[in-house]
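Before any comments, here is the structure.
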Amino acid sequence: MSAPRTKKATPFLSTVIHQPYIWAIVALVLLLVINLIKDPGYLGVSFNAGTGNLSGNLIDILRASAPVMMIAVGMTLVIATRGIDLSVGSVMAVSGAVSMQFMSTADGSAGTAFAAAGLALAVSAVLGVVNGLLVSVVGLQPFITTLITMLAGRGLAKVITAGQNTSASNEPFRWIANGTVFGFPVVFVIAAVIVAILAVLVRRTALGLMIESIGINPKAARMAGIRPIGILISVYIVSAVLAGVAGIFSTASVMTVEVAKTGLSSEMDAILAVVIGGTSLAGGKFSLTGSVIGALLIATLDKTIVFLSIPSSATPAFKALVIVIICLLQSQRVRALFARRRAQGRPTPPSSPSAPPNPASTRKETVSA
Amino acid sequence: MSITAKFRAIAGVALVGAMALGITACSGGSSDSPASTAAAGSGDLVTVGFVAVGPEGGWRTANEQNIQDSFSKANGFDLKYAPATNGDQNSQITAFTSFIDEGVDAILLSATEATGWESVLKRAQEAEIPVVLLDRGIEPNDDSLYTSHIAPDNVGISASAATWANAQFPNGTNYVVLEGPPGLSVVNDRNKGWDATIGKTFTKLESQSANWSTEEAKSVFETILKANNNNVQLVFAQNDEMGLGAALAVEEAGLKPGSDVKIITIDGTKSALEALAAGRLSFVAEYNPLFGETAVDVVNAALAGKTVEKDIVVPSVTFDSPAAATAALPDRKY
């Protein structure tokens with residue numbers, strides 16, 4: 001987590017190497033290589049004449065990563081303010097329930113699809129406002145607040161569909177999850193555009209700095225003239241709306257909302273993606289790029305488990321093992337150990353900033369990514 | 001004694017119930033339990049506590065609605081419905097103990113988890129309250145602890161699905177099993193029946209869990225298809241939702257469900273029968289949720305002091321053609 005001070009002096013590659021998410025990239029490549037060994041054609045992308053779409057394992061991974069990416073990016077901003085949003089999975093279910101319930105009685109036009117998506121995102125945003133108000137104005141603990149919305153949200157989803165798994169048919173809506181644009185899955189393109197917009201918003205303006213300063217020291221931030229209430233409410237709204245988008249993605253893929261299962265334990269995937277991406281749960285410095293890579297890794301891991309035919313009883317253990325290894329490798333102590341080794345082995349390596357391992361550098365203010 | 005009673009009352013109020021109450025065996029009449037919010041002492045109605053699973057899916061909804069309808073006031077019952085909080089076994093044990101404390105006449109139990117029921121079942125036995133297990137059994141299956149277990153036969157149902165597969169592919173074929181969450185007794189039983197019956201010439205490519213979910217099944221099966229170059233002819237999905245997800249994955253891959261890939265599902269919900277009628281599924285084995293009347297008979301017999309059968313199998317049917325599904329659809333209740 002040491003900050004890349006040599007940013008201007010060294011090329012892009014060495015900047016990346018010193019990011020905390022380097023191990024996630026290594027794991028990602030490793031998983032792909034393992035798959036490639038099992039089936040040399042793994043990375044191949046072919047044109048499917050039957051459906052007119054490109055198909056391939058990579059396409060599947062990109063598609064599967066989109067919902068996780070959405071909630072992980074929202075979660076990153078919330079975590080950066082020292083908060084946490086446990087309600088994202090439930091908001092996914094609410095958003096899916098709203099859109100499916102709306103479309104189940106309407107016609108199959110593109111207008112209906114837009115209206116359904118808009119309505120779903122609006123309801124999600126309301127849940128985000130509730131979270132934000134409770135955390136910032138009332139001053140409740142984020143964990144408790146979002147735990148309440150998590151339970152209430154799933155209840156709300158069940159009320160919306162009267163406890164049923166509602167299905168609907170709407171071709172434009174289905175296309176969101178199953179179609180492709182220039183060969184890329186629509187969901188991934190949408191997700192990438194949203195992430196890019198957010199990245200510009202927080203990194204090219206002072207917003208990102210403000211979010212980090214609230215996470216590092218709320219009191220000092222307030223003294224410095226940053227008003228936390230507005231920013232806190234905004235990050236919870238962003239997180240909820242992104243969860244709403246994720247809900248649309250995952251229900252559109254099967255055109256059914258499963259109120260008890262849609263988005264179930266997705267908050268854990270999101271938190272994992274954030275942690276793998278190198279953002280500290282203690283708040284402060286955050287990395288959107290890291291979370292995106294974390295989301296890609298989780299999707300790849302899920303797909304790999306199936307591809308390698310790992311027995312279903314062993315899948316949670318396998319998943320946990322991979323993630324524990326990554327978290328260990330990027331932990332402060334292990335990284336310090338590596339840095340020391342490098343410093344001893346090669347006195348002045350060209351690609352290493354050879355900065356002394358400094359645990360306090362976690363909280364260093366550096367805008368990267 | 002009074003200390004024990006006081007302790008009991010406090011524990012009851014504080015809802016720490018489960019473990020604390022399990023130790024102090026008794027049948028007190030404290031009425032501060034969560035499940036007794038319904039009017040107590042309603043004439044000569046038979047009070048029955050229903051420790052249920054709660055919202056889970058189409059099958060569960062139909063099942064629990066049917067039980068509630070059968071144990072109606074008109075039939076002489078006062079049913080207290082206590083669904084689990086988000087499938088949590090602890091909340092079920094709490095509800096169960098408060099039913100015992102209340103002194104209900106009989107308890108119906110659909111356990112979310114199979115294990116860990118011995119101590120509370122023993123307490124019910126000491127309080128002489130008959131317990132009828134609905135659908136889900138307990139592990140270890142000590143049938144001296146309960147009055148009767150009413151459920152469709154999972155082993156038999158999946159065996160009937162395998163028999164159909166044997167007839168469809170006399171020379172065997174490549175198949176995939178989409179199962180529920182590992183460890184559930186339902187999953188084990190459905191695997192058992194299938195594995196025992198399916199022909200030796202069949203090749204099991206993979207058995208993966210899709211957690212009963214359409215979305216997960218679609219994602220899992222699209223990867224399985226790619227891993228096997230679409231060389232999969234048969235899918236055994238252990239519930240309807242997963243079967244429908246597999247059908248979507250097959251369509252995405254540009255294949256045709258029904259002819260390229262035959263999909264077998266268990267449960268027989270309306271949406272599965274609609275898919276079977278449309279030719280997207282190939283075989284649907286019903287797991288009959290409507291056994292409320294049988295449960296009523298069993299409770300009445302137990303309360304009258306008659307001996308009841310320990311293991312009652314609910315008859316289920318199978319649907320093997322679009323025509324059969326179309327015929328059954330109009331009066332499908334769930």
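Simple scheme: letters A, B, ... for chains in structure tokens order, numbers from 1 for residues in each chain, numbers from 1 for ligands in the order shown.
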Would you mind listing, for every residue of chain A within 7 Å of chain B, the two atoms forming the shortest contact and the distance between them in Å to one decimal, using only C-alpha atoms, sorted by chain and ascending residue number, as a Markdown table?
| residue | atom | partner | partner_atom | distance |
| --- | --- | --- | --- | --- |
| A:Asn48 | CA | B:Gly254 | CA | 6.9 |
| A:Gly50 | CA | B:Gly254 | CA | 4.5 |
| A:Thr51 | CA | B:Gly254 | CA | 5.4 |
| A:Gly163 | CA | B:Pro55 | CA | 6.5 |
| A:Gln164 | CA | B:Gly58 | CA | 6.5 |
| A:Asn165 | CA | B:Gly57 | CA | 6.9 |
| A:Val254 | CA | B:Glu215 | CA | 5.9 |
| A:Ala260 | CA | B:Glu56 | CA | 6.1 |
| A:Lys261 | CA | B:Ser213 | CA | 6.7 |
| A:Lys303 | CA | B:Thr223 | CA | 6.7 |
| A:Val306 | CA | B:Val220 | CA | 6.4 |
| A:Phe307 | CA | B:Ala227 | CA | 5.7 |
| A:Ser309 | CA | B:Glu206 | CA | 6.2 |
| A:Pro311 | CA | B:Gln208 | CA | 6.5 |
| A:Ser312 | CA | B:Gln208 | CA | 5.1 |
| A:Ser313 | CA | B:Pro182 | CA | 5.6 |
Can you write out the residues you just picked, keeping C-alpha atoms, as a short mmCIF file (atom, residue, chain, number, x, y, z; two decimals), in the first residue's frame?
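Listing of selection03.cif after writing:
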data_model
loop_
_atom_site.label_atom_id
_atom_site.label_comp_id
_atom_site.auth_asym_id
_atom_site.auth_seq_id
_atom_site.Cartn_x
_atom_site.Cartn_y
_atom_site.Cartn_z
CA ASN A 48 -22.25 -18.07 -32.65
CA GLY A 50 -27.37 -19.49 -33.81
CA THR A 51 -27.72 -16.34 -31.75
CA GLY A 163 -43.63 -13.31 -2.19
CA GLN A 164 -43.57 -14.71 -5.72
CA ASN A 165 -40.67 -15.04 -8.13
CA VAL A 254 -33.03 -14.57 -16.60
CA ALA A 260 -35.18 -14.76 -1.73
CA LYS A 261 -32.07 -15.26 -3.86
CA LYS A 303 -16.35 -19.33 -13.51
CA VAL A 306 -17.29 -24.55 -12.54
CA PHE A 307 -14.87 -24.89 -15.45
CA SER A 309 -15.40 -29.15 -12.13
CA PRO A 311 -17.14 -30.41 -6.50
CA SER A 312 -19.79 -28.08 -5.19
CA SER A 313 -19.14 -28.97 -1.58
#
Identify, with DSSP run on backbone atoms, the residues in region 68-216 of chain A assigned to strand (DSSP E), and express the list as an mmCIF file with C-alpha atoms, in the first residue's frame.
data_model
loop_
_atom_site.group_PDB
_atom_site.id
_atom_site.type_symbol
_atom_site.label_atom_id
_atom_site.label_comp_id
_atom_site.auth_asym_id
_atom_site.auth_seq_id
_atom_site.Cartn_x
_atom_site.Cartn_y
_atom_site.Cartn_z
ATOM 1 C CA THR A 180 -23.506 -7.528 -27.196
ATOM 2 C CA VAL A 181 -22.177 -4.234 -28.585
ATOM 3 C CA PHE A 184 -18.636 -6.843 -25.808
ATOM 4 C CA PRO A 185 -21.534 -7.762 -23.525
#
State, in Å with one decimal place, the distance from CA of Met69 (chain A) to CA of Val91 (chain A).
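So the answer is 15.0 Å.
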Could you pull out all residues of region 49-137 of chain A with a DSSP call of helix (DSSP H, G or I) and give them as a PyMOL selection string?
chain A and resi 57-80+88-105+110-137
With a distance cut-off of 8 Å and only C-alpha atoms, select the neighbouring residues of Glu274 (chain B), excluding the residue or stretch itself and same-chain residues fewer than 6 positions from it, and output the selection as a compact mmCIF listing (two decimals) with C-alpha atoms, in the first residue's frame.
# COMPACT_ATOMS: atom_id res chain seq x y z
CA ALA B 325 -48.32 -30.51 -18.89
CA THR B 326 -50.97 -28.70 -20.92
CA LEU B 329 -51.93 -26.58 -16.17
Selection: 10 Å around Thr145 (chain A), only C-alpha atoms, excl. self and same-chain fewer than 6 positions, as a ChimeraX atom specification
/A:84-87,130-135,139
Would you save the residues from that selection as a short mmCIF file (atom, residue, chain, number, x, y, z; two decimals), in the first residue's frame, using C-alpha atoms?
data_model
loop_
_atom_site.label_atom_id
_atom_site.label_comp_id
_atom_site.auth_asym_id
_atom_site.auth_seq_id
_atom_site.Cartn_x
_atom_site.Cartn_y
_atom_site.Cartn_z
CA ILE A 84 -20.01 0.05 4.94
CA ASP A 85 -23.09 -0.75 2.89
CA LEU A 86 -24.50 -4.16 3.73
CA SER A 87 -27.76 -3.41 1.95
CA VAL A 130 -32.57 6.47 3.85
CA ASN A 131 -29.12 4.98 4.48
CA GLY A 132 -27.39 8.30 3.96
CA LEU A 133 -29.74 10.27 6.21
CA LEU A 134 -29.54 7.74 9.02
CA VAL A 135 -25.75 7.64 8.86
CA GLY A 139 -25.45 9.57 13.25
#
